[in-house]
Amino acid sequence: MARWLRPLVGALLLLEGAAALSFLHHRYEELVQALFRVQSQCPYVTRIYSIGRSVEGRHLYVLEFSDYPGIHEPLEPEFKYVGNMHGNEVLGRELLLQLSEFLCEEYRRGNERITRLIHDTRIHIMPSMNPDGYEVAAKQGPDSNGYLTGRNNANGVDLNRNFPDLNTLMYYSREISGPNHHIPLPDNWKSQVEPETLAVIQWISSYNFVLSANLHGGAVVANYPYDKSQDQRFRSHRRTVNTPTPDDKLFQKLAKTYSYAHSWMHRGWNCGDYFADGITNGASWYSLSKGMQDFNYLYTNCFEITLELSCNKFPPEEDLERQWMANREALVAFIEEVHQGIKGMVSDENNNGIAGAVISVQGISHDITSGDMGDYFRLLLPGTYTVTASAEGYQPLTVTTTVGPAAPSLVHFQLKQEVVRKPAERKASGTRMNNKALQKKVVPRATHQGTQR
């Protein structure tokens, strides 16, 4: 969508969603009540589930929106928002509660855009990843809250420095031409992470998430991977070395989608900092090790960015409505970004889905895999691409496809099983092939889906 249309779309959305909402800070019990209130108001398109508990035993609740809650529908992408990872960065927590109420209310009102979004997307919203830290920060309140008070979990650990360090493994692997995707976890990883981190890792391992954002505060900018620089010669905390992923242009587009739909993020000057277009490569800002967004990209199929949403980490209640109006269109527009690129089914000759098939795009050295049902989702910018699907025990299949600026292109792959022959059979077959080739040139067989090779 053209940038000049964003304010217009946002204004239309604003007029459609004029229902009164409560702009208050929500303690844990109030957060739980708010989630269950939304679920009771929209029971047919929502579900609440817990991915685990915090150190102090609070549930890490997720509210799901879908036309079939609790069920993954083939070719319907999975999206997630995670808020309040740092307990004292609270605006994201409140915005996600507001978003949940908004989606429910607008669905009930018959808003065509929101109805289509819920029917075509499985949306997972976690308002708080760090409920224990929030309670510490909330006791101080917005007026006297320290910059670090409540940031960490109950064990005093920064959850955004607590994921397995796959960046270091990736940088070493790259030197020996190894992969930068689906990197295996270290054997002892469970003993090195906090309960909240463990719960999130198991969560993102159980769902084939395609796109995600985690919401922070303390700045106003859309931050994209990599967060960690490969150059570790600098010892200061704020190392600044631009460290792009193979999907750098796509990540920039995702970040700009949010920043330009936001009321002022795209202007660049915020909180005493300047970021062109309101976006930044994470390592170009400062290098961060063991962060969640890089982990998503290196371990799963999910493309995640980090949204810094307010200069004040714990804004007063009287500022919450203004912040909601500034972020509402951006929150919706970013979810819609999950519907771009290519998607399809990877199946065998009997139309059975093949889980774990690898989807490779020529020129972009980062692969994704198909889900349990054989469906896959590969975010791509508009253009023409050569794409290969491969799976163990099957012959790979390559196609060329063009991606437009609107809906994703549908590209299916039907893979043929590899034929394992005994040595004597292979020799005899080779002799027959050579004799036939003397009489007629052999042309590889092709299908409408691509060239079998």
# chains A, B, ... in the order shown; residues from 1 in each chain; ligands from 1
$ select_by_dssp --residues "range 235-373 of chain A" --states "strand (DSSP E)" --output "count of residues only"
31
$ residues_around --residues "Asn153 in chain A" --least-positions-apart "2" --cutoff "9 Å" --atoms "only C-alpha atoms" --output "list of chain:residue names"
A:Ser54, A:Val55, A:Met85, A:His86, A:Gly87, A:Asn130, A:Pro131, A:Asp132, A:Gly133, A:Tyr134, A:Gly150, A:Arg151, A:Asn155, A:Gly156, A:Val157, A:Asp158, A:Leu159, A:Glu194, A:Glu196
$ select_by_dssp --residues "range 58-153 of chain A" --states "helix (DSSP H, G or I)" --output "number ranges by chain"
A: 91-109, 112-120, 131-144
$ closest_residue --among "A:Arg322, A:Arg378, A:His262, A:Arg161" --to "Gly291 in chain A" --atoms "only C-alpha atoms"
A:Arg161
$ atom_distance --atom1 "CA of Gly353 in chain A" --atom2 "CA of Gln414 in chain A"
9.1 Å
$ closest_residue --among "A:Leu166, A:Ala34, A:Leu24, A:Cys302" --to "Phe209 in chain A" --atoms "only C-alpha atoms"
A:Cys302
$ residues_around --residues "Tyr81 in chain A" --least-positions-apart "2" --cutoff "8 Å" --atoms "only C-alpha atoms" --output "list in words"
Phe79, Gly83, Leu96, His124, Ile125, Met126, Pro127, Ser212, Ala213, Asn214 and Leu215 of chain A
$ residues_around --residues "Glu105 in chain A" --least-positions-apart "4" --cutoff "9 Å" --atoms "only C-alpha atoms" --output "PDB file with all heavy atoms, in the first residue's frame"
ATOM      1  N   GLY A  17     -14.010   2.247  14.404  1.00  0.00           N
ATOM      2  CA  GLY A  17     -13.852   1.663  15.729  1.00  0.00           C
ATOM      3  C   GLY A  17     -13.936   2.707  16.812  1.00  0.00           C
ATOM      4  O   GLY A  17     -12.961   2.955  17.507  1.00  0.00           O
ATOM      5  N   ALA A  19     -15.842   2.687  19.498  1.00  0.00           N
ATOM      6  CA  ALA A  19     -16.383   2.213  20.767  1.00  0.00           C
ATOM      7  C   ALA A  19     -15.445   2.569  21.908  1.00  0.00           C
ATOM      8  O   ALA A  19     -14.234   2.600  21.757  1.00  0.00           O
ATOM      9  CB  ALA A  19     -16.576   0.692  20.713  1.00  0.00           C
ATOM     10  N   VAL A  38     -12.760 -10.698  26.776  1.00  0.00           N
ATOM     11  CA  VAL A  38     -12.751 -10.713  25.308  1.00  0.00           C
ATOM     12  C   VAL A  38     -13.187 -12.081  24.806  1.00  0.00           C
ATOM     13  O   VAL A  38     -13.983 -12.194  23.865  1.00  0.00           O
ATOM     14  CB  VAL A  38     -11.346 -10.353  24.774  1.00  0.00           C
ATOM     15  CG1 VAL A  38     -11.289 -10.571  23.264  1.00  0.00           C
ATOM     16  CG2 VAL A  38     -10.998  -8.914  25.114  1.00  0.00           C
ATOM     17  N   GLN A  41     -16.855 -12.486  24.991  1.00  0.00           N
ATOM     18  CA  GLN A  41     -17.577 -11.649  24.034  1.00  0.00           C
ATOM     19  C   GLN A  41     -17.468 -12.182  22.608  1.00  0.00           C
ATOM     20  O   GLN A  41     -18.360 -11.949  21.792  1.00  0.00           O
ATOM     21  CB  GLN A  41     -17.040 -10.214  24.109  1.00  0.00           C
ATOM     22  CG  GLN A  41     -17.377  -9.495  25.403  1.00  0.00           C
ATOM     23  CD  GLN A  41     -16.671  -8.163  25.528  1.00  0.00           C
ATOM     24  OE1 GLN A  41     -15.761  -7.851  24.770  1.00  0.00           O
ATOM     25  NE2 GLN A  41     -17.091  -7.352  26.504  1.00  0.00           N
ATOM     26  N   CYS A  42     -16.390 -12.871  22.307  1.00  0.00           N
ATOM     27  CA  CYS A  42     -16.189 -13.429  20.958  1.00  0.00           C
ATOM     28  C   CYS A  42     -15.818 -14.904  21.072  1.00  0.00           C
ATOM     29  O   CYS A  42     -14.717 -15.326  20.675  1.00  0.00           O
ATOM     30  CB  CYS A  42     -15.089 -12.662  20.227  1.00  0.00           C
ATOM     31  SG  CYS A  42     -15.528 -10.974  19.804  1.00  0.00           S
ATOM     32  N   SER A 100      -6.741  -6.623  21.402  1.00  0.00           N
ATOM     33  CA  SER A 100      -7.626  -7.777  21.574  1.00  0.00           C
ATOM     34  C   SER A 100      -9.080  -7.333  21.651  1.00  0.00           C
ATOM     35  O   SER A 100      -9.961  -7.911  20.986  1.00  0.00           O
ATOM     36  CB  SER A 100      -7.240  -8.539  22.850  1.00  0.00           C
ATOM     37  OG  SER A 100      -5.907  -9.001  22.782  1.00  0.00           O
ATOM     38  N   GLU A 101      -9.354  -6.295  22.451  1.00  0.00           N
ATOM     39  CA  GLU A 101     -10.730  -5.767  22.535  1.00  0.00           C
ATOM     40  C   GLU A 101     -11.188  -5.229  21.187  1.00  0.00           C
ATOM     41  O   GLU A 101     -12.339  -5.424  20.777  1.00  0.00           O
ATOM     42  CB  GLU A 101     -10.790  -4.664  23.588  1.00  0.00           C
ATOM     43  CG  GLU A 101     -10.657  -5.143  25.014  1.00  0.00           C
ATOM     44  CD  GLU A 101     -10.974  -4.039  26.008  1.00  0.00           C
ATOM     45  OE1 GLU A 101     -11.934  -3.284  25.762  1.00  0.00           O
ATOM     46  OE2 GLU A 101     -10.262  -3.933  27.011  1.00  0.00           O
ATOM     47  N   ARG A 109     -18.966  -6.171  14.952  1.00  0.00           N
ATOM     48  CA  ARG A 109     -19.610  -5.097  14.189  1.00  0.00           C
ATOM     49  C   ARG A 109     -19.662  -5.398  12.697  1.00  0.00           C
ATOM     50  O   ARG A 109     -20.306  -4.690  11.938  1.00  0.00           O
ATOM     51  CB  ARG A 109     -18.847  -3.790  14.401  1.00  0.00           C
ATOM     52  CG  ARG A 109     -19.053  -3.155  15.763  1.00  0.00           C
ATOM     53  CD  ARG A 109     -17.955  -2.126  16.070  1.00  0.00           C
ATOM     54  NE  ARG A 109     -17.826  -1.131  15.010  1.00  0.00           N
ATOM     55  CZ  ARG A 109     -18.456   0.042  14.987  1.00  0.00           C
ATOM     56  NH1 ARG A 109     -19.267   0.363  15.979  1.00  0.00           N
ATOM     57  NH2 ARG A 109     -18.265   0.903  14.011  1.00  0.00           N
ATOM     58  N   GLY A 110     -18.953  -6.429  12.261  1.00  0.00           N
ATOM     59  CA  GLY A 110     -18.945  -6.787  10.849  1.00  0.00           C
ATOM     60  C   GLY A 110     -17.936  -6.015  10.019  1.00  0.00           C
ATOM     61  O   GLY A 110     -18.063  -5.945   8.793  1.00  0.00           O
ATOM     62  N   ASN A 111     -16.927  -5.427  10.676  1.00  0.00           N
ATOM     63  CA  ASN A 111     -15.869  -4.717   9.960  1.00  0.00           C
ATOM     64  C   ASN A 111     -15.223  -5.676   8.960  1.00  0.00           C
ATOM     65  O   ASN A 111     -14.641  -6.703   9.330  1.00  0.00           O
ATOM     66  CB  ASN A 111     -14.831  -4.201  10.961  1.00  0.00           C
ATOM     67  CG  ASN A 111     -13.719  -3.407  10.310  1.00  0.00           C
ATOM     68  OD1 ASN A 111     -13.134  -3.826   9.317  1.00  0.00           O
ATOM     69  ND2 ASN A 111     -13.407  -2.266  10.891  1.00  0.00           N
TER      70      ASN A 111
END
$ atom_distance --atom1 "CA of Leu35 in chain A" --atom2 "CA of Pro69 in chain A"
14.9 Å
$ closest_residue --among "A:Thr168, A:Thr46, A:Asn152, A:Asn296" --to "Leu103 in chain A" --atoms "only C-alpha atoms"
A:Thr46
$ atom_distance --atom1 "CA of Phe303 in chain A" --atom2 "CA of Ile71 in chain A"
21.6 Å
$ residues_around --residues "Gln340 in chain A" --least-positions-apart "2" --cutoff "10 Å" --atoms "only C-alpha atoms" --output "compact mmCIF listing (two decimals) with all heavy atoms, in the first residue's frame"
# COMPACT_ATOMS: atom_id res chain seq x y z
N GLU A 336 -1.19 -7.86 8.68
CA GLU A 336 -1.52 -8.11 7.27
C GLU A 336 -0.28 -8.44 6.44
O GLU A 336 -0.39 -9.05 5.38
CB GLU A 336 -2.24 -6.89 6.69
CG GLU A 336 -3.63 -6.68 7.28
CD GLU A 336 -4.27 -5.37 6.85
OE1 GLU A 336 -3.53 -4.39 6.61
OE2 GLU A 336 -5.51 -5.32 6.79
N GLU A 337 0.91 -8.06 6.92
CA GLU A 337 2.15 -8.35 6.20
C GLU A 337 2.46 -9.84 6.13
O GLU A 337 3.31 -10.26 5.34
CB GLU A 337 3.32 -7.61 6.85
CG GLU A 337 3.33 -6.12 6.62
CD GLU A 337 3.52 -5.77 5.15
OE1 GLU A 337 4.62 -6.01 4.62
OE2 GLU A 337 2.55 -5.28 4.53
N VAL A 338 1.77 -10.65 6.94
CA VAL A 338 2.00 -12.08 6.89
C VAL A 338 1.49 -12.67 5.57
O VAL A 338 1.87 -13.78 5.18
CB VAL A 338 1.33 -12.78 8.10
CG1 VAL A 338 -0.17 -12.91 7.91
CG2 VAL A 338 1.96 -14.14 8.37
N ILE A 342 5.14 -16.29 -1.10
CA ILE A 342 4.56 -17.50 -1.67
C ILE A 342 4.15 -18.44 -0.55
O ILE A 342 4.67 -18.39 0.56
CB ILE A 342 5.55 -18.24 -2.62
CG1 ILE A 342 6.81 -18.67 -1.86
CG2 ILE A 342 5.91 -17.38 -3.81
CD1 ILE A 342 7.75 -19.54 -2.69
N LYS A 343 3.18 -19.28 -0.84
CA LYS A 343 2.78 -20.33 0.08
C LYS A 343 2.22 -21.48 -0.74
O LYS A 343 1.88 -21.32 -1.93
CB LYS A 343 1.74 -19.84 1.08
CG LYS A 343 0.39 -19.47 0.49
CD LYS A 343 -0.59 -19.04 1.57
CE LYS A 343 -1.97 -18.73 1.00
NZ LYS A 343 -2.93 -18.35 2.08
N PHE A 377 5.10 -21.39 4.14
CA PHE A 377 4.88 -19.97 3.92
C PHE A 377 6.26 -19.32 3.82
O PHE A 377 7.05 -19.41 4.76
CB PHE A 377 4.10 -19.35 5.08
CG PHE A 377 2.82 -20.07 5.41
CD1 PHE A 377 2.83 -21.20 6.22
CD2 PHE A 377 1.61 -19.64 4.89
CE1 PHE A 377 1.66 -21.88 6.52
CE2 PHE A 377 0.43 -20.31 5.18
CZ PHE A 377 0.45 -21.44 5.99
N ARG A 378 6.53 -18.67 2.68
CA ARG A 378 7.83 -18.01 2.52
C ARG A 378 7.59 -16.53 2.20
O ARG A 378 7.11 -16.19 1.11
CB ARG A 378 8.61 -18.68 1.39
CG ARG A 378 10.15 -18.56 1.35
CD ARG A 378 10.76 -17.49 2.17
NE ARG A 378 12.21 -17.57 2.22
CZ ARG A 378 12.96 -16.54 2.54
NH1 ARG A 378 12.41 -15.37 2.81
NH2 ARG A 378 14.26 -16.68 2.60
N LEU A 379 7.87 -15.65 3.16
CA LEU A 379 7.72 -14.22 2.94
C LEU A 379 8.76 -13.75 1.93
O LEU A 379 9.95 -14.04 2.07
CB LEU A 379 7.89 -13.45 4.25
CG LEU A 379 6.91 -13.79 5.37
CD1 LEU A 379 7.21 -12.94 6.60
CD2 LEU A 379 5.47 -13.58 4.92
N LEU A 380 8.29 -13.02 0.91
CA LEU A 380 9.18 -12.50 -0.14
C LEU A 380 8.66 -11.16 -0.63
O LEU A 380 7.45 -10.90 -0.62
CB LEU A 380 9.26 -13.47 -1.32
CG LEU A 380 9.94 -14.83 -1.10
CD1 LEU A 380 9.64 -15.75 -2.28
CD2 LEU A 380 11.44 -14.67 -0.90
N LEU A 381 9.56 -10.33 -1.09
CA LEU A 381 9.18 -9.08 -1.75
C LEU A 381 8.69 -9.38 -3.17
O LEU A 381 8.99 -10.45 -3.71
CB LEU A 381 10.38 -8.13 -1.79
CG LEU A 381 10.89 -7.61 -0.45
CD1 LEU A 381 12.18 -6.81 -0.65
CD2 LEU A 381 9.84 -6.75 0.23
N PRO A 382 7.96 -8.47 -3.79
CA PRO A 382 7.56 -8.68 -5.19
C PRO A 382 8.77 -8.91 -6.08
O PRO A 382 9.82 -8.27 -5.93
CB PRO A 382 6.84 -7.38 -5.54
CG PRO A 382 6.31 -6.87 -4.24
CD PRO A 382 7.37 -7.24 -3.23
N VAL A 403 6.10 -13.12 -7.77
CA VAL A 403 5.37 -12.65 -6.59
C VAL A 403 4.89 -11.23 -6.86
O VAL A 403 5.66 -10.36 -7.28
CB VAL A 403 6.27 -12.67 -5.35
CG1 VAL A 403 5.56 -12.04 -4.15
CG2 VAL A 403 6.70 -14.09 -5.04
N GLY A 404 3.60 -10.99 -6.62
CA GLY A 404 3.04 -9.66 -6.81
C GLY A 404 3.03 -8.88 -5.51
O GLY A 404 3.45 -9.37 -4.46
N PRO A 405 2.53 -7.65 -5.55
CA PRO A 405 2.53 -6.79 -4.35
C PRO A 405 1.37 -7.04 -3.40
O PRO A 405 1.33 -6.47 -2.31
CB PRO A 405 2.42 -5.39 -4.95
CG PRO A 405 1.66 -5.59 -6.22
CD PRO A 405 2.07 -6.93 -6.75
N ALA A 406 0.41 -7.88 -3.80
CA ALA A 406 -0.78 -8.07 -2.97
C ALA A 406 -0.75 -9.44 -2.28
O ALA A 406 0.11 -9.71 -1.47
CB ALA A 406 -2.02 -7.91 -3.83
N ALA A 407 -1.67 -10.30 -2.63
CA ALA A 407 -1.78 -11.61 -1.98
C ALA A 407 -0.60 -12.51 -2.36
O ALA A 407 0.02 -12.33 -3.41
CB ALA A 407 -3.09 -12.27 -2.39
N PRO A 408 -0.28 -13.49 -1.52
CA PRO A 408 0.83 -14.39 -1.84
C PRO A 408 0.51 -15.27 -3.04
O PRO A 408 -0.65 -15.60 -3.30
CB PRO A 408 0.98 -15.24 -0.56
CG PRO A 408 -0.36 -15.16 0.10
CD PRO A 408 -0.90 -13.80 -0.22
N SER A 409 1.54 -15.63 -3.78
CA SER A 409 1.38 -16.55 -4.90
C SER A 409 1.27 -17.97 -4.37
O SER A 409 1.98 -18.36 -3.43
CB SER A 409 2.57 -16.45 -5.86
OG SER A 409 2.68 -15.15 -6.40
$ closest_residue --among "A:Arg93, A:Arg328, A:Arg108, A:Arg27" --to "Tyr44 in chain A" --atoms "only C-alpha atoms"
A:Arg108
$ residues_around --residues "Asp348 in chain A" --least-positions-apart "2" --cutoff "8 Å" --atoms "only C-alpha atoms" --output "ChimeraX atom specification"
/A:346,350-354,414-417
